[in-house]
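Source file: start_2.txt. Holds: compact mmCIF, C-alpha atoms.
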```txt
# COMPACT_ATOMS: atom_id res chain seq x y z
CA MET F 1 0.00 0.00 0.00
CA ALA F 2 1.29 3.45 -0.89
CA ARG F 3 1.98 5.53 2.18
CA TYR F 4 -0.11 8.44 0.90
CA SER F 5 -2.57 8.97 -1.92
CA PRO F 6 -1.01 10.00 -5.28
CA SER F 7 -2.14 13.64 -5.06
CA VAL F 8 -0.73 13.98 -1.53
CA GLN F 9 2.48 12.21 -2.54
CA ASN F 10 2.79 14.60 -5.49
CA LEU F 11 2.32 17.63 -3.23
CA ILE F 12 4.93 16.32 -0.78
CA SER F 13 7.47 15.76 -3.55
CA LYS F 14 6.83 19.19 -5.10
CA LEU F 15 7.25 20.91 -1.72
CA GLY F 16 10.32 18.80 -0.96
CA SER F 17 12.05 20.05 -4.10
CA LEU F 18 12.05 23.63 -2.77
CA PRO F 19 15.31 24.84 -1.22
CA GLY F 20 15.70 24.20 2.51
CA ILE F 21 12.65 21.93 2.70
CA GLY F 22 13.55 18.32 3.46
CA GLY F 23 11.35 15.25 3.43
CA LYS F 24 9.96 15.70 6.95
CA SER F 25 9.22 19.41 6.46
CA ALA F 26 7.54 18.68 3.14
CA GLN F 27 5.22 16.18 4.87
CA ARG F 28 4.45 18.61 7.66
CA LEU F 29 3.72 21.42 5.17
CA ALA F 30 1.58 19.16 2.99
CA PHE F 31 -0.59 18.08 5.92
CA HIS F 32 -0.85 21.66 7.12
CA ILE F 33 -2.06 22.65 3.65
CA LEU F 34 -4.58 19.80 3.66
CA SER F 35 -5.86 21.02 7.05
CA MET F 36 -6.37 24.56 5.77
CA PRO F 37 -9.83 25.68 4.61
CA ALA F 38 -10.19 25.18 0.84
CA ASN F 39 -10.21 28.92 0.11
CA GLU F 40 -6.91 29.47 1.97
CA ALA F 41 -5.24 26.61 0.10
CA ASN F 42 -6.49 28.01 -3.20
CA GLU F 43 -5.27 31.49 -2.25
CA LEU F 44 -1.80 30.07 -1.61
CA ALA F 45 -1.81 28.31 -4.99
CA ASP F 46 -3.08 31.46 -6.74
CA ALA F 47 -0.45 33.61 -5.01
CA ILE F 48 2.22 31.39 -6.58
CA LYS F 49 0.69 31.65 -10.04
CA GLU F 50 -0.03 35.38 -9.80
CA ALA F 51 3.42 36.32 -8.51
CA HIS F 52 4.98 34.25 -11.27
CA ARG F 53 2.69 35.66 -13.96
CA LEU F 54 3.10 39.32 -12.96
CA THR F 55 6.81 39.25 -12.24
CA VAL F 56 9.39 39.88 -14.94
CA ARG F 57 13.07 40.68 -14.87
CA CYS F 58 13.81 44.38 -15.22
CA SER F 59 15.45 44.81 -18.63
CA VAL F 60 17.99 47.18 -17.09
CA CYS F 61 19.04 45.74 -13.72
CA GLN F 62 17.60 42.17 -14.02
CA ASN F 63 15.87 42.45 -10.62
CA PHE F 64 12.38 40.95 -10.32
CA THR F 65 9.71 43.58 -10.90
CA ASP F 66 6.09 44.01 -11.96
CA SER F 67 6.92 47.05 -14.12
CA ASP F 68 9.76 47.30 -16.63
CA PRO F 69 12.03 49.18 -16.02
CA CYS F 70 11.72 48.59 -12.30
CA PRO F 71 10.90 51.40 -9.81
CA ILE F 72 14.58 51.82 -8.87
CA CYS F 73 15.88 52.00 -12.47
CA SER F 74 13.14 54.47 -13.42
CA ASP F 75 13.57 56.68 -10.34
CA PRO F 76 15.07 60.02 -11.56
CA LYS F 77 16.50 60.68 -8.08
CA ARG F 78 18.90 57.71 -8.19
CA ASP F 79 22.56 58.29 -8.95
CA ARG F 80 23.15 56.82 -12.42
CA SER F 81 26.94 56.81 -12.16
CA THR F 82 27.15 53.90 -9.70
CA VAL F 83 25.95 50.32 -10.12
CA CYS F 84 25.97 47.91 -7.19
CA VAL F 85 26.26 44.32 -8.47
CA VAL F 86 24.56 41.76 -6.19
CA GLU F 87 23.87 38.04 -6.34
CA SER F 88 20.13 38.01 -5.62
CA PRO F 89 17.01 40.20 -5.45
CA ARG F 90 17.07 39.77 -1.67
CA ASP F 91 20.40 41.58 -1.57
CA VAL F 92 18.78 44.59 -3.28
CA SER F 93 16.14 44.74 -0.56
CA THR F 94 18.86 44.49 2.11
CA PHE F 95 20.66 47.49 0.60
CA GLU F 96 17.41 49.43 0.26
CA ARG F 97 16.53 48.74 3.89
CA MET F 98 19.80 50.41 4.90
CA HIS F 99 18.74 53.67 3.14
CA GLY F 100 22.41 54.58 2.61
CA TYR F 101 22.81 53.82 -1.09
CA LYS F 102 21.40 56.00 -3.85
CA GLY F 103 22.90 54.39 -6.95
CA LEU F 104 21.52 51.66 -9.20
CA TYR F 105 21.77 47.86 -8.99
CA HIS F 106 22.53 44.89 -11.17
CA VAL F 107 21.25 41.47 -10.08
CA LEU F 108 23.41 38.54 -11.24
CA HIS F 109 20.94 35.81 -10.15
CA GLY F 110 23.87 33.72 -8.93
CA VAL F 111 27.65 33.72 -9.05
CA PHE F 112 30.26 31.99 -11.12
CA ASP F 113 30.42 28.57 -9.46
CA PRO F 114 32.07 25.83 -11.55
CA VAL F 115 31.61 23.22 -8.77
CA SER F 116 27.82 23.36 -8.95
CA GLY F 117 27.99 23.75 -12.73
CA LYS F 118 27.05 27.44 -12.83
CA ASN F 119 29.05 29.18 -15.50
CA MET F 120 29.16 32.73 -16.78
CA ASN F 121 26.15 32.20 -19.05
CA ASP F 122 23.87 31.21 -16.16
CA ILE F 123 24.25 34.60 -14.52
CA THR F 124 23.49 38.01 -16.00
CA LEU F 125 27.09 39.09 -16.67
CA SER F 126 26.57 39.64 -20.42
CA GLN F 127 23.59 41.89 -19.60
CA LEU F 128 25.88 43.83 -17.23
CA PHE F 129 28.52 44.35 -19.94
CA ASP F 130 25.82 45.34 -22.49
CA ARG F 131 24.52 47.84 -20.00
CA LEU F 132 27.98 49.32 -19.41
CA THR F 133 28.46 49.73 -23.17
CA LYS F 134 25.12 51.51 -23.56
CA SER F 135 25.36 53.71 -20.46
CA PRO F 136 28.40 55.98 -20.56
CA ASP F 137 27.17 57.59 -17.30
CA ILE F 138 28.35 54.60 -15.27
CA LYS F 139 31.65 55.43 -13.56
CA GLU F 140 31.80 52.84 -10.77
CA ILE F 141 30.80 49.22 -10.32
CA ILE F 142 30.53 48.10 -6.68
CA MET F 143 30.92 44.30 -6.58
CA ALA F 144 28.68 43.36 -3.65
CA THR F 145 28.71 39.61 -4.20
CA ASN F 146 28.95 37.53 -1.01
CA GLN F 147 32.24 37.09 0.85
CA THR F 148 32.61 33.52 -0.40
CA ALA F 149 35.13 31.88 -2.74
CA GLU F 150 32.55 32.10 -5.57
CA GLY F 151 31.57 35.68 -4.77
CA ASN F 152 35.21 36.75 -4.66
CA ALA F 153 36.03 34.93 -7.91
CA THR F 154 33.11 36.60 -9.69
CA ALA F 155 34.19 40.03 -8.40
CA LEU F 156 37.76 39.42 -9.55
CA TYR F 157 36.61 38.22 -12.96
CA VAL F 158 34.51 41.36 -13.52
CA SER F 159 37.32 43.65 -12.38
CA ARG F 160 39.77 42.01 -14.81
CA LEU F 161 37.37 42.23 -17.75
CA LEU F 162 36.79 45.92 -17.02
CA SER F 163 40.44 46.78 -16.34
CA ALA F 164 40.87 48.59 -19.67
CA SER F 165 37.43 50.22 -19.67
CA GLY F 166 38.15 53.15 -17.38
CA ILE F 167 35.29 52.11 -15.10
CA LYS F 168 36.26 51.88 -11.44
CA VAL F 169 35.47 48.48 -9.89
CA THR F 170 35.23 48.37 -6.09
CA ARG F 171 34.46 45.64 -3.56
CA LEU F 172 32.62 46.00 -0.25
CA ALA F 173 35.06 46.18 2.68
CA SER F 174 35.51 42.96 4.58
CA GLY F 175 36.36 42.96 8.28
CA LEU F 176 34.86 42.73 11.74
CA PRO F 177 31.07 43.06 11.89
CA MET F 178 29.89 46.02 13.99
CA GLY F 179 29.31 45.02 17.62
CA SER F 180 31.40 41.86 17.30
CA ASP F 181 33.94 40.54 19.82
CA ILE F 182 37.46 39.88 18.59
CA GLU F 183 37.56 36.82 20.86
CA PHE F 184 34.83 35.13 18.85
CA THR F 185 35.97 36.21 15.38
CA ASP F 186 37.03 33.50 12.95
CA ASP F 187 40.58 33.50 11.60
CA LEU F 188 39.71 34.43 8.02
CA THR F 189 37.69 37.46 9.10
CA LEU F 190 40.40 38.58 11.54
CA ALA F 191 43.11 38.20 8.86
CA SER F 192 40.98 40.19 6.43
CA ALA F 193 40.34 42.93 9.02
CA LEU F 194 44.06 43.14 9.80
CA LYS F 195 45.03 43.33 6.14
CA GLY F 196 42.45 46.04 5.48
CA ARG F 197 43.30 48.12 8.57
CA VAL F 198 42.76 51.84 8.12
CA ASP F 199 44.73 54.83 9.39
CA ILE F 200 42.95 56.68 12.18
CA SER F 201 45.87 58.87 13.31
CA SER F 202 44.86 62.52 13.29
CA MET E 1 8.64 52.58 -2.03
CA ALA E 2 7.35 49.12 -1.21
CA ARG E 3 10.17 46.60 -0.84
CA TYR E 4 8.59 44.17 -3.30
CA SER E 5 5.77 44.34 -5.80
CA PRO E 6 2.30 43.54 -4.36
CA SER E 7 2.08 40.09 -5.94
CA VAL E 8 5.52 39.11 -4.61
CA GLN E 9 4.71 40.57 -1.18
CA ASN E 10 1.49 38.55 -1.16
CA LEU E 11 3.35 35.34 -2.05
CA ILE E 12 5.92 36.00 0.71
CA SER E 13 3.22 36.58 3.31
CA LYS E 14 1.27 33.47 2.26
CA LEU E 15 4.41 31.32 2.42
CA GLY E 16 5.39 32.91 5.74
CA SER E 17 2.10 31.85 7.31
CA LEU E 18 2.98 28.16 6.84
CA PRO E 19 4.33 26.36 9.93
CA GLY E 20 8.11 26.47 10.36
CA ILE E 21 8.62 29.07 7.63
CA GLY E 22 9.81 32.41 8.98
CA GLY E 23 10.17 35.72 7.17
CA LYS E 24 13.62 34.99 5.72
CA SER E 25 12.68 31.51 4.51
CA ALA E 26 9.49 32.86 2.95
CA GLN E 27 11.53 35.40 0.97
CA ARG E 28 14.02 32.75 -0.12
CA LEU E 29 11.21 30.38 -1.19
CA ALA E 30 9.34 33.16 -3.01
CA PHE E 31 12.39 34.14 -5.05
CA HIS E 32 13.15 30.51 -5.74
CA ILE E 33 9.60 30.11 -7.07
CA LEU E 34 10.00 33.24 -9.22
CA SER E 35 13.21 31.78 -10.65
CA MET E 36 11.50 28.52 -11.59
CA PRO E 37 10.26 27.99 -15.17
CA ALA E 38 6.59 28.99 -15.44
CA ASN E 39 5.41 25.41 -15.93
CA GLU E 40 7.13 24.23 -12.72
CA ALA E 41 5.63 27.07 -10.70
CA ASN E 42 2.19 26.25 -12.10
CA GLU E 43 2.68 22.56 -11.32
CA LEU E 44 3.46 23.44 -7.71
CA ALA E 45 0.33 25.60 -7.48
CA ASP E 46 -1.78 22.89 -9.12
CA ALA E 47 -0.37 20.22 -6.79
CA ILE E 48 -1.67 22.27 -3.85
CA LYS E 49 -5.13 22.63 -5.40
CA GLU E 50 -5.35 19.02 -6.57
CA ALA E 51 -4.23 17.52 -3.28
CA HIS E 52 -6.71 19.71 -1.44
CA ARG E 53 -9.54 18.94 -3.87
CA LEU E 54 -9.01 15.17 -3.93
CA THR E 55 -8.33 14.70 -0.22
CA VAL E 56 -11.12 14.15 2.28
CA ARG E 57 -11.19 12.90 5.85
CA CYS E 58 -12.07 9.22 6.13
CA SER E 59 -15.53 9.08 7.71
CA VAL E 60 -14.37 6.23 9.96
CA CYS E 61 -10.84 7.06 11.17
CA GLN E 62 -10.63 10.77 10.16
CA ASN E 63 -7.29 10.24 8.40
CA PHE E 64 -6.71 12.10 5.12
CA THR E 65 -7.61 9.90 2.15
CA ASP E 66 -8.67 10.06 -1.49
CA SER E 67 -11.23 7.27 -1.03
CA ASP E 68 -13.79 7.05 1.78
CA PRO E 69 -13.49 4.84 3.80
CA CYS E 70 -9.71 4.93 3.55
CA PRO E 71 -7.61 1.92 2.39
CA ILE E 72 -6.80 0.94 5.99
CA CYS E 73 -10.40 1.10 7.27
CA SER E 74 -11.66 -0.87 4.25
CA ASP E 75 -8.92 -3.52 4.41
CA PRO E 76 -10.60 -6.81 5.51
CA LYS E 77 -7.28 -8.12 6.85
CA ARG E 78 -7.01 -5.46 9.56
CA ASP E 79 -7.89 -6.38 13.15
CA ARG E 80 -11.15 -4.52 13.91
CA SER E 81 -10.94 -4.99 17.66
CA THR E 82 -8.11 -2.50 18.22
CA VAL E 83 -8.01 1.23 17.49
CA CYS E 84 -4.78 3.19 17.78
CA VAL E 85 -5.54 6.86 18.50
CA VAL E 86 -2.91 9.26 17.12
CA GLU E 87 -2.52 13.02 16.86
CA SER E 88 -1.77 13.40 13.16
CA PRO E 89 -1.86 11.60 9.79
CA ARG E 90 1.94 11.50 9.87
CA ASP E 91 1.76 9.29 12.99
CA VAL E 92 -0.32 6.77 11.01
CA SER E 93 2.39 6.55 8.37
CA THR E 94 5.03 6.10 11.09
CA PHE E 95 3.09 3.14 12.54
CA GLU E 96 2.53 1.66 9.07
CA ARG E 97 6.23 1.96 8.26
CA MET E 98 6.97 -0.23 11.32
CA HIS E 99 4.79 -3.06 9.87
CA GLY E 100 4.06 -4.31 13.40
CA TYR E 101 0.51 -3.10 13.90
CA LYS E 102 -2.50 -4.69 12.25
CA GLY E 103 -5.37 -2.85 13.94
CA LEU E 104 -7.22 0.31 12.90
CA TYR E 105 -6.48 3.98 13.62
CA HIS E 106 -8.24 7.12 14.73
CA VAL E 107 -6.67 10.48 13.88
CA LEU E 108 -7.45 13.26 16.37
CA HIS E 109 -5.95 16.09 14.26
CA GLY E 110 -4.49 17.62 17.39
CA VAL E 111 -4.66 17.20 21.15
CA PHE E 112 -6.52 18.88 23.97
CA ASP E 113 -4.40 21.98 24.53
CA PRO E 114 -6.11 24.75 26.51
CA VAL E 115 -2.99 26.98 26.38
CA SER E 116 -3.14 27.35 22.59
CA GLY E 117 -6.94 27.47 22.69
CA LYS E 118 -7.53 23.95 21.33
CA ASN E 119 -10.45 22.37 23.12
CA MET E 120 -12.22 19.05 22.80
CA ASN E 121 -14.35 20.26 19.87
CA ASP E 122 -11.32 21.09 17.73
CA ILE E 123 -10.16 17.49 17.69
CA THR E 124 -12.10 14.43 16.52
CA LEU E 125 -12.96 13.03 19.97
CA SER E 126 -16.74 13.08 19.38
CA GLN E 127 -16.19 11.10 16.17
CA LEU E 128 -14.16 8.59 18.20
CA PHE E 129 -16.95 8.15 20.76
CA ASP E 130 -19.58 7.84 17.97
CA ARG E 131 -17.44 5.19 16.36
CA LEU E 132 -17.10 3.25 19.62
CA THR E 133 -20.89 3.31 20.05
CA LYS E 134 -21.48 2.02 16.52
CA SER E 135 -18.69 -0.60 16.49
CA PRO E 136 -19.17 -3.19 19.24
CA ASP E 137 -16.14 -5.08 17.83
CA ILE E 138 -13.74 -2.56 19.35
CA LYS E 139 -12.21 -4.00 22.52
CA GLU E 140 -9.11 -1.86 22.97
CA ILE E 141 -8.13 1.76 22.42
CA ILE E 142 -4.37 2.39 22.27
CA MET E 143 -3.74 6.04 23.12
CA ALA E 144 -0.68 6.83 20.99
CA THR E 145 -0.71 10.59 21.49
CA ASN E 146 2.73 12.15 21.97
CA GLN E 147 4.60 11.94 25.29
CA THR E 148 3.84 15.58 26.08
CA ALA E 149 1.71 17.20 28.77
CA GLU E 150 -1.07 17.71 26.21
CA GLY E 151 -0.77 14.20 24.79
CA ASN E 152 -0.87 12.68 28.27
CA ALA E 153 -3.85 14.83 29.32
CA THR E 154 -5.80 13.79 26.23
CA ALA E 155 -5.01 10.12 26.87
CA LEU E 156 -6.12 10.44 30.50
CA TYR E 157 -9.31 12.23 29.49
CA VAL E 158 -10.27 9.48 27.05
CA SER E 159 -9.49 6.72 29.55
CA ARG E 160 -11.71 8.38 32.17
CA LEU E 161 -14.62 8.87 29.78
CA LEU E 162 -14.41 5.21 28.75
CA SER E 163 -13.90 3.84 32.27
CA ALA E 164 -17.47 2.49 32.50
CA SER E 165 -17.63 1.27 28.89
CA GLY E 166 -15.77 -2.03 29.29
CA ILE E 167 -13.33 -0.95 26.55
CA LYS E 168 -9.70 -1.36 27.52
CA VAL E 169 -7.68 1.85 27.15
CA THR E 170 -3.89 1.47 26.92
CA ARG E 171 -1.00 3.88 26.46
CA LEU E 172 2.26 3.27 24.59
CA ALA E 173 5.07 2.38 26.99
CA SER E 174 7.42 5.20 27.83
CA GLY E 175 11.04 4.55 28.66
CA LEU E 176 14.51 4.44 27.18
CA PRO E 177 14.70 4.56 23.38
CA MET E 178 16.38 1.51 21.83
CA GLY E 179 20.10 2.05 21.39
CA SER E 180 20.21 4.93 23.85
CA ASP E 181 22.85 5.52 26.52
CA ILE E 182 21.66 5.91 30.11
CA GLU E 183 24.35 8.56 30.59
CA PHE E 184 22.65 10.85 28.09
CA THR E 185 19.04 10.13 29.08
CA ASP E 186 17.01 13.03 30.46
CA ASP E 187 15.60 12.79 34.00
CA LEU E 188 11.94 12.49 33.02
CA THR E 189 12.62 9.62 30.64
CA LEU E 190 14.80 7.83 33.20
CA ALA E 191 12.17 8.26 35.94
CA SER E 192 9.51 6.93 33.57
CA ALA E 193 11.68 3.95 32.58
CA LEU E 194 12.37 3.16 36.25
CA LYS E 195 8.71 3.39 37.19
CA GLY E 196 7.71 1.15 34.29
CA ARG E 197 10.44 -1.47 34.86
CA VAL E 198 9.47 -5.00 33.85
CA ASP E 199 10.26 -8.36 35.45
CA ILE E 200 12.79 -10.37 33.44
CA SER E 201 13.56 -13.04 36.06
CA SER E 202 13.03 -16.49 34.58
```
Can you turn what I pasted into structure tokens?
Amino acid sequence: MARYSPSVQNLISKLGSLPGIGGKSAQRLAFHILSMPANEANELADAIKEAHRLTVRCSVCQNFTDSDPCPICSDPKRDRSTVCVVESPRDVSTFERMHGYKGLYHVLHGVFDPVSGKNMNDITLSQLFDRLTKSPDIKEIIMATNQTAEGNATALYVSRLLSASGIKVTRLASGLPMGSDIEFTDDLTLASALKGRVDISS
Amino acid sequence: MARYSPSVQNLISKLGSLPGIGGKSAQRLAFHILSMPANEANELADAIKEAHRLTVRCSVCQNFTDSDPCPICSDPKRDRSTVCVVESPRDVSTFERMHGYKGLYHVLHGVFDPVSGKNMNDITLSQLFDRLTKSPDIKEIIMATNQTAEGNATALYVSRLLSASGIKVTRLASGLPMGSDIEFTDDLTLASALKGRVDISS
């Protein structure tokens, strides 16, 4: 006897294929969904379809948006000389939450990661280079990919390709997080903070 | 400016209302869904609707099923004198996986839990008592609710209500898990194992 009916088994396997949801969580979610009133379950399903249907990638920055170009790219108050290059749409919202950045963005939708089979064509690097060619206003590219081997490699790759272009390529500072204790800092972070030490003598 | 478009915000909030999915996970899931090909996203949405549409509660045991009565309740090989009362459909599948139980089940869909506002009417206790009235074959009720305060209270409540009925009410043994070390056993489990010690003298 099958453990669950085919439709329930299908739901469990679909949920289990989402990132961070293992077999047990998928079962728990599936049974929670089955316990919901029918209208709530349908609303969840429709939210998935609607969000997918209404969302496109901004033709300029590649971020997800429901209007193209996206609100940030079409905002006349943004500084068009600076482009912050991030891995994911969530990174854009993290920057926006900070309220300290007024330039534009470019969303790579990943990083160069040969181990997991992601190469340069899977991320939006060619769109970035197209954009740089078409927009002479851009003077600086801030590589805000994550502080991982893949994020660093992608940043380095972009900086090399742009070395002759006259566009400044910068990387977010790495070092000790604000409020952190040196005692509990990992070696790589401490080494990076030491290497990047800044002069505070007056 | 809103952080995300309304349809994406709606998807995030719907996902975030599922159990075990916090704000960050909901964002990550939503953007994963937006990155999926349209047909995969629609299949996920349809799996939710289909599973919900095709799944009913078995009129006998209250487990989720696509045929009423469910395969277990309609299986002539099952022992109709014993009913194992569990909290959730997942518990049924755990028992079935063990292959050591041949009786029937009753799914409560929760336990008596006054703290979170769950009372006797929110779980399927009245359906259990109806079933006992209509099925004179039933000789034993195994209360297999979880070993928690709420699970124990529900088991005790059922045993008291059935005290005059002539139906035997049992509870799963509590004690040391197989393969466990006494050194790492918590006090409550050890006390329970000591209290429930069994005679092995030949």
Please, which residues in chain F fall within 9 Å of chain E when counting only C-alpha atoms, and what is the closest atom pair and distance in Å to one decimal for each, ordered by chain then residue number, as a Markdown table?
```
| residue | atom | partner | partner_atom | distance |
| --- | --- | --- | --- | --- |
| F:Met1 | CA | E:Pro71 | CA | 8.2 |
| F:Arg3 | CA | E:Ser93 | CA | 6.3 |
| F:Tyr4 | CA | E:Thr65 | CA | 7.7 |
| F:Ser5 | CA | E:Asp66 | CA | 6.2 |
| F:Pro6 | CA | E:Ala51 | CA | 8.4 |
| F:Ser7 | CA | E:Ala51 | CA | 4.8 |
| F:Val8 | CA | E:Ala51 | CA | 5.3 |
| F:Gln9 | CA | E:Ala51 | CA | 8.6 |
| F:Asn10 | CA | E:Ala47 | CA | 6.6 |
| F:Leu11 | CA | E:Ala47 | CA | 5.2 |
| F:Ile12 | CA | E:Ala47 | CA | 8.9 |
| F:Lys14 | CA | E:Leu44 | CA | 6.0 |
| F:Leu15 | CA | E:Leu44 | CA | 7.5 |
| F:Leu18 | CA | E:Leu29 | CA | 7.0 |
| F:Pro19 | CA | E:Leu29 | CA | 6.9 |
| F:Gly20 | CA | E:Ser25 | CA | 8.2 |
| F:Ser25 | CA | E:Gly20 | CA | 8.1 |
| F:Gln27 | CA | E:Arg90 | CA | 7.6 |
| F:Arg28 | CA | E:Arg90 | CA | 7.9 |
| F:Leu29 | CA | E:Pro19 | CA | 6.9 |
| F:Ala30 | CA | E:Ile48 | CA | 8.2 |
| F:Phe31 | CA | E:Pro89 | CA | 7.7 |
| F:His32 | CA | E:Pro19 | CA | 7.5 |
| F:Ile33 | CA | E:His52 | CA | 7.5 |
| F:Leu34 | CA | E:His52 | CA | 5.5 |
| F:Ser35 | CA | E:His52 | CA | 8.6 |
| F:Met36 | CA | E:His52 | CA | 8.7 |
| F:Ala38 | CA | E:His52 | CA | 6.9 |
| F:Ala41 | CA | E:Lys49 | CA | 6.8 |
| F:Asn42 | CA | E:Lys49 | CA | 6.0 |
| F:Glu43 | CA | E:Lys14 | CA | 8.2 |
| F:Leu44 | CA | E:Lys14 | CA | 6.0 |
| F:Ala45 | CA | E:Ala45 | CA | 4.3 |
| F:Asp46 | CA | E:Ala45 | CA | 6.8 |
| F:Ala47 | CA | E:Leu11 | CA | 5.1 |
| F:Ile48 | CA | E:Leu11 | CA | 6.1 |
| F:Lys49 | CA | E:Asn42 | CA | 6.0 |
| F:Glu50 | CA | E:Ser7 | CA | 6.4 |
| F:Ala51 | CA | E:Ser7 | CA | 4.8 |
| F:His52 | CA | E:Leu34 | CA | 5.5 |
| F:Arg53 | CA | E:Ala38 | CA | 7.9 |
| F:Leu54 | CA | E:Ser7 | CA | 7.1 |
| F:Thr55 | CA | E:Leu34 | CA | 7.4 |
| F:Val56 | CA | E:Leu34 | CA | 8.8 |
| F:Phe64 | CA | E:Leu34 | CA | 8.1 |
| F:Thr65 | CA | E:Ser5 | CA | 6.5 |
| F:Asp66 | CA | E:Ser5 | CA | 6.2 |
| F:Ser67 | CA | E:Ser5 | CA | 8.8 |
| F:Pro71 | CA | E:Met1 | CA | 8.2 |
| F:Ser88 | CA | E:Phe31 | CA | 8.7 |
| F:Pro89 | CA | E:Phe31 | CA | 7.6 |
| F:Arg90 | CA | E:Gln27 | CA | 7.5 |
| F:Ser93 | CA | E:Arg3 | CA | 6.3 |
| F:Glu96 | CA | E:Arg3 | CA | 7.9 |
| F:Arg97 | CA | E:Arg3 | CA | 8.2 |
| F:His109 | CA | E:Ser35 | CA | 8.7 |
```
Write out as JSON lines a residue-level contact list of region 40-108 of chain F versus region 123-131 of chain F with cut-off 10 Å: for each qualifying residue the closest pair of atoms and the distance in Å to one decimal, counting only C-alpha atoms, rows sorted by chain and residue number upward.
```
{"residue": "F:Ser59", "atom": "CA", "partner": "F:Gln127", "partner_atom": "CA", "distance": 8.7}
{"residue": "F:Val60", "atom": "CA", "partner": "F:Arg131", "partner_atom": "CA", "distance": 7.2}
{"residue": "F:Cys61", "atom": "CA", "partner": "F:Leu128", "partner_atom": "CA", "distance": 7.9}
{"residue": "F:Gln62", "atom": "CA", "partner": "F:Thr124", "partner_atom": "CA", "distance": 7.5}
{"residue": "F:Val83", "atom": "CA", "partner": "F:Leu128", "partner_atom": "CA", "distance": 9.6}
{"residue": "F:Val85", "atom": "CA", "partner": "F:Leu128", "partner_atom": "CA", "distance": 8.8}
{"residue": "F:Glu87", "atom": "CA", "partner": "F:Ile123", "partner_atom": "CA", "distance": 8.9}
{"residue": "F:His106", "atom": "CA", "partner": "F:Leu128", "partner_atom": "CA", "distance": 7.0}
{"residue": "F:Val107", "atom": "CA", "partner": "F:Thr124", "partner_atom": "CA", "distance": 7.2}
{"residue": "F:Leu108", "atom": "CA", "partner": "F:Thr124", "partner_atom": "CA", "distance": 4.8}
```
Same residues, C-alpha atoms, output as a compact mmCIF listing (two decimals), in the coordinates of the input:
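Written output follows (result06.txt):
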```txt
# COMPACT_ATOMS: atom_id res chain seq x y z
CA SER F 59 15.45 44.81 -18.63
CA VAL F 60 17.99 47.18 -17.09
CA CYS F 61 19.04 45.74 -13.72
CA GLN F 62 17.60 42.17 -14.02
CA VAL F 83 25.95 50.32 -10.12
CA VAL F 85 26.26 44.32 -8.47
CA GLU F 87 23.87 38.04 -6.34
CA HIS F 106 22.53 44.89 -11.17
CA VAL F 107 21.25 41.47 -10.08
CA LEU F 108 23.41 38.54 -11.24
```
Which protein, DNA or RNA residues have an atom at most 6 Å from (18.7, 58.1, -4.2), counting all atoms listed in the file? List them as a list in words.
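Counting all atoms listed in the file, I find these residues within 6 Å of (18.7, 58.1, -4.2): Lys77, Arg78 and Lys102 of chain F.
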Just to be explicit: take each residue in the selection above, keep C-alpha atoms, and write the result as a PDB file, in the frame of the given file.
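Wrote part-v2.pdb, looks like this:
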```
ATOM      1  CA  LYS F  77      16.500  60.680  -8.080  1.00  0.00           C
ATOM      2  CA  ARG F  78      18.900  57.710  -8.190  1.00  0.00           C
ATOM      3  CA  LYS F 102      21.400  56.000  -3.850  1.00  0.00           C
TER       4      LYS F 102
END
```
Nearest to Tyr101 (chain F), chosen from F:Tyr157, F:Asp79, F:Met120, F:Leu194, with all atoms listed in the file counted in the distances
F:Asp79
Grab the CA of Glu150 (chain E) to CA of Pro114 (chain E) distance for me, in Å with one decimal place.
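So the answer is 8.7 Å.
Interatomic distance, CA of Ser81 (chain E) against CA of Asp137 (chain E): 5.2 Å.
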Between F:Ser174, F:Asn119, F:Thr148, F:Asn63, which one has atoms that come closest to Ala193 (chain F), using only C-alpha atoms?
F:Ser174
Which value, in Å to one decimal, gives the distance between CA of Ala26 (chain F) and CA of Gly22 (chain E)?
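Interatomic distance, CA of Ala26 (chain F) to CA of Gly22 (chain E): 15.1 Å.
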If you count all atoms listed in the file, the residue of E:Ala144, E:Val169, E:Ala149, E:Val111 closest to Phe95 (chain E) turns out to be E:Ala144
